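Since the structure comes first, as structure tokens, the remarks are kept for the end.
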Amino acid sequence: MSDLKDWISPARTALLIIDMQADFGATGGLMDRLGADVSATPAALAAAGRLADAAREAQARVIFVGLQNAPDSLSPAWLERTRRQGGPTQIDAQPCLSGSPGAAFIGPQPQADDWVIAKRRYSAFFGTNLDARLRQHGIDTLVLCGLTTECCVHSAASDAFHLDYHVFIAADACAAYGPDLHQSALKSLALNCAIIVDVAQVKAVWECASAPTN
């Protein structure tokens with residue numbers, strides 16, 4: 001991908017760090033307590049941290065997206081699907097309740113100039129002002145990472161593509177609850193709406209962009 005330096009130039013690109021929150025990826029978080037395999041999370045968190053550092057150094061926009069559930073945020077369809085699958089429908093059993101420890105970001109943390117986007121559904125674009133803010137700042141390209149590859153990362157990537165953004169997935173800075181889910185999601189994304197890259201490729205471009213010139 002010899003054109004990658006132009007495709008993800010910091011002037012046009014934002015890094016979206018999606019749902020790296022305790023309930024989704026931490027040992028002792030809700031998904032871990034429910035038996036999900038969170039063993040791939042630490043490596044993805046570390047990789048996302050390296051991406052965030054490189055983005056800030058290159059002056060690319062860094063955006064943290066996080067689920068913030070509340071009593072009025074869960075639609076009847078959401079709750080009924082959960083009930084039909086035999087899961088709990090009470091609000092205190094839902095992930096990432098606003099203000100709770102489970103909603104806290106894990107791994108890389110927002111800094112003063114980063115954006116923080118709260119969402120109520122899987123996609124970072126649904127019911128948020130993310131699209132408008134990106135367009136206001138002339139951003140047409142997104143590098144996505146986060147949790148989980150097949151759910152919220154996939155949803156955001158698909159919506160971004162439908163909104164005419166150029167979408168890249170930093171594969172090793174994403175994780176799912178099992179390698180099969182991760183790999184199948186990446187295959188689907190590559191087939192339909194995104195270009196798959198790794199953290200080293202993105203860092204190399206952004207580090208070059210931030211290097212002093214003589």
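Residues in the structure tokens are named by chain (A, B, ... in the order shown) and by number from 1 within that chain; ligands are numbered from 1 in the order shown.
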
Distance query Ala194 (chain A) at most 7 Å, only C-alpha atoms, self and fewer than 4 positions along chain excluded, as a list in words: Val167, Phe168, Ile169, Leu189 and Ala190 of chain A

Writer output for current selection, C-alpha atoms, as an mmCIF file, in the first residue's frame:
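The resulting file, again-v1.cif, is shown below:
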```cif
data_model
loop_
_atom_site.group_PDB
_atom_site.id
_atom_site.type_symbol
_atom_site.label_atom_id
_atom_site.label_comp_id
_atom_site.auth_asym_id
_atom_site.auth_seq_id
_atom_site.Cartn_x
_atom_site.Cartn_y
_atom_site.Cartn_z
ATOM 1 C CA VAL A 167 -12.328 3.649 6.376
ATOM 2 C CA PHE A 168 -9.254 1.838 7.687
ATOM 3 C CA ILE A 169 -9.235 -0.775 10.446
ATOM 4 C CA LEU A 189 -15.010 -5.500 6.660
ATOM 5 C CA ALA A 190 -12.307 -5.955 4.030
#
```

So which residues touch Phe126 (chain A) within 9 Å, counting only C-alpha atoms, skipping near sequence neighbours fewer than 6 positions away, as a PDB file with C-alpha atoms, in the first residue's frame?
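around.pdb, written as the output of this step:
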```
ATOM      1  CA  LYS A 119     -23.363   6.850  22.198  1.00  0.00           C
ATOM      2  CA  ARG A 120     -26.442   4.775  22.992  1.00  0.00           C
ATOM      3  CA  ALA A 156     -19.111   2.200  13.035  1.00  0.00           C
ATOM      4  CA  ASP A 159     -21.945   3.547   8.893  1.00  0.00           C
TER       5      ASP A 159
END
```

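Distance-wise, CA of Asp180 (chain A) and CA of Asp37 (chain A) end up 11.6 Å apart.
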
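A straight line drawn from CA of Ala93 (chain A) to CA of Pro71 (chain A) is 11.1 Å long.
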
Distance query His162 (chain A) at most 12 Å, only C-alpha atoms, self and fewer than 6 positions along chain excluded, as a PDB file with C-alpha atoms, in the first residue's frame:
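Below is the file out_21.pdb, written as the result:
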```
ATOM      1  CA  PHE A 125     -22.617   7.607  14.304  1.00  0.00           C
ATOM      2  CA  ASP A 131     -20.471  13.074  11.458  1.00  0.00           C
ATOM      3  CA  SER A 155     -21.074  -1.041  12.993  1.00  0.00           C
ATOM      4  CA  ALA A 156     -19.111   2.200  13.035  1.00  0.00           C
ATOM      5  CA  ASN A 192     -17.396  -4.627   2.039  1.00  0.00           C
ATOM      6  CA  CYS A 193     -16.299  -1.302   3.466  1.00  0.00           C
ATOM      7  CA  ALA A 194     -12.762  -0.974   4.852  1.00  0.00           C
TER       8      ALA A 194
END
```

Between CA of Ala26 (chain A) and CA of Gly127 (chain A), distance in Å (one decimal): 26.3 Å

Selection: 8 Å around Thr41 (chain A), only C-alpha atoms, excl. self and same-chain fewer than 3 positions, as a ChimeraX atom specification: /A:25-26,38,44-45,174-176

Hey, which bits of region 44-128 of chain A sit within 10 Å of region 206-211 of chain A, and for each residue what's the closest pair of atoms and how far apart in Å (one decimal), counting only C-alpha atoms, rows by chain and increasing number, as JSON lines?
```
{"residue": "A:Leu51", "atom": "CA", "partner": "A:Trp206", "partner_atom": "CA", "distance": 9.1}
{"residue": "A:Asp53", "atom": "CA", "partner": "A:Glu207", "partner_atom": "CA", "distance": 9.8}
{"residue": "A:Ala54", "atom": "CA", "partner": "A:Trp206", "partner_atom": "CA", "distance": 6.1}
{"residue": "A:Ala55", "atom": "CA", "partner": "A:Trp206", "partner_atom": "CA", "distance": 6.4}
{"residue": "A:Arg56", "atom": "CA", "partner": "A:Trp206", "partner_atom": "CA", "distance": 9.1}
{"residue": "A:Glu57", "atom": "CA", "partner": "A:Ser210", "partner_atom": "CA", "distance": 6.2}
{"residue": "A:Ala58", "atom": "CA", "partner": "A:Ser210", "partner_atom": "CA", "distance": 4.5}
{"residue": "A:Gln59", "atom": "CA", "partner": "A:Ser210", "partner_atom": "CA", "distance": 7.8}
{"residue": "A:Ala60", "atom": "CA", "partner": "A:Trp206", "partner_atom": "CA", "distance": 8.3}
```

Using the selection just defined, write its residues with N, CA and C atoms as a tab-separated table (two decimals), in the first residue's frame.
```tsv
chain	number	residue	atom	x	y	z
A	51	LEU	N	-1.10	3.80	18.89
A	51	LEU	CA	-1.74	4.58	17.82
A	51	LEU	C	-2.11	5.98	18.29
A	53	ASP	N	-0.80	7.76	20.68
A	53	ASP	CA	0.41	8.58	20.85
A	53	ASP	C	0.91	9.08	19.50
A	54	ALA	N	0.93	8.20	18.51
A	54	ALA	CA	1.41	8.59	17.18
A	54	ALA	C	0.49	9.61	16.53
A	55	ALA	N	-0.82	9.44	16.71
A	55	ALA	CA	-1.77	10.38	16.14
A	55	ALA	C	-1.61	11.77	16.74
A	56	ARG	N	-1.49	11.83	18.06
A	56	ARG	CA	-1.33	13.14	18.70
A	56	ARG	C	-0.04	13.81	18.26
A	57	GLU	N	1.03	13.04	18.16
A	57	GLU	CA	2.32	13.61	17.74
A	57	GLU	C	2.23	14.17	16.33
A	58	ALA	N	1.44	13.49	15.48
A	58	ALA	CA	1.29	13.94	14.10
A	58	ALA	C	0.17	14.96	13.94
A	59	GLN	N	-0.53	15.28	15.03
A	59	GLN	CA	-1.65	16.22	15.04
A	59	GLN	C	-2.84	15.71	14.24
A	60	ALA	N	-3.02	14.39	14.22
A	60	ALA	CA	-4.27	13.81	13.73
A	60	ALA	C	-5.27	13.81	14.89
```

Which of region 83-181 of chain A DSSP labels alpha helix (DSSP H), written as number ranges by chain: A: 83-84, 130-136, 154-162, 179-181

Option closest in space to Arg50 (chain A), from A:Gly107, A:Gly138, A:Pro179, A:Pro95 [counting only C-alpha atoms]: A:Gly107

DSSP strand (DSSP E or B) residues within region 83-145 of chain A, listed as a list in words: Leu97, Phe105, Trp115, Val116, Ile117, Ala118, Lys119, Thr141, Leu142, Val143, Leu144 and Cys145 of chain A

Cys152 (chain A) environment, 9 Å, only C-alpha atoms, sequence neighbours closer than 5 positions dropped, as an MDAnalysis selection string: chainID A and resid 18:19 121:124 146:147 157

Selection near Cys96 (chain A), 10 Å with only C-alpha atoms, sequence-local residues under 2 positions removed, as a list in words: Asp19, Gln21, Ala22, Asp23, Phe24, Gly29, Leu30, Gly66, Leu67, Gln68, Asn69, Ala70, Asp92, Ala93, Gln94, Ser98, Gly99, Ser100, Pro101, Gly102, Ala103, Ala104, Phe105 and Arg120 of chain A

Exercise: Pro110 (chain A) partners within 8 Å, only C-alpha atoms, chain neighbours under 3 positions left out, as a list of chain:residue names: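 After dropping sequence-adjacent residues, the list is A:Ile63, A:Phe64, A:Asp114, A:Trp115, A:Val116.
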
For N, CA and C atoms, I'd like the residues from the last selection saved as a short mmCIF file (atom, residue, chain, number, x, y, z; two decimals), in the first residue's frame.
```
data_model
loop_
_atom_site.label_atom_id
_atom_site.label_comp_id
_atom_site.auth_asym_id
_atom_site.auth_seq_id
_atom_site.Cartn_x
_atom_site.Cartn_y
_atom_site.Cartn_z
N ILE A 63 -10.24 10.49 18.77
CA ILE A 63 -11.63 10.51 19.23
C ILE A 63 -11.91 9.23 20.01
N PHE A 64 -12.38 9.39 21.23
CA PHE A 64 -12.81 8.26 22.06
C PHE A 64 -14.32 8.15 21.98
N ASP A 114 -8.50 15.75 22.87
CA ASP A 114 -9.24 14.66 22.23
C ASP A 114 -10.74 14.91 22.34
N TRP A 115 -11.48 14.33 21.43
CA TRP A 115 -12.93 14.36 21.53
C TRP A 115 -13.40 13.10 22.25
N VAL A 116 -14.49 13.24 23.00
CA VAL A 116 -15.15 12.09 23.62
C VAL A 116 -16.60 12.09 23.17
#
```
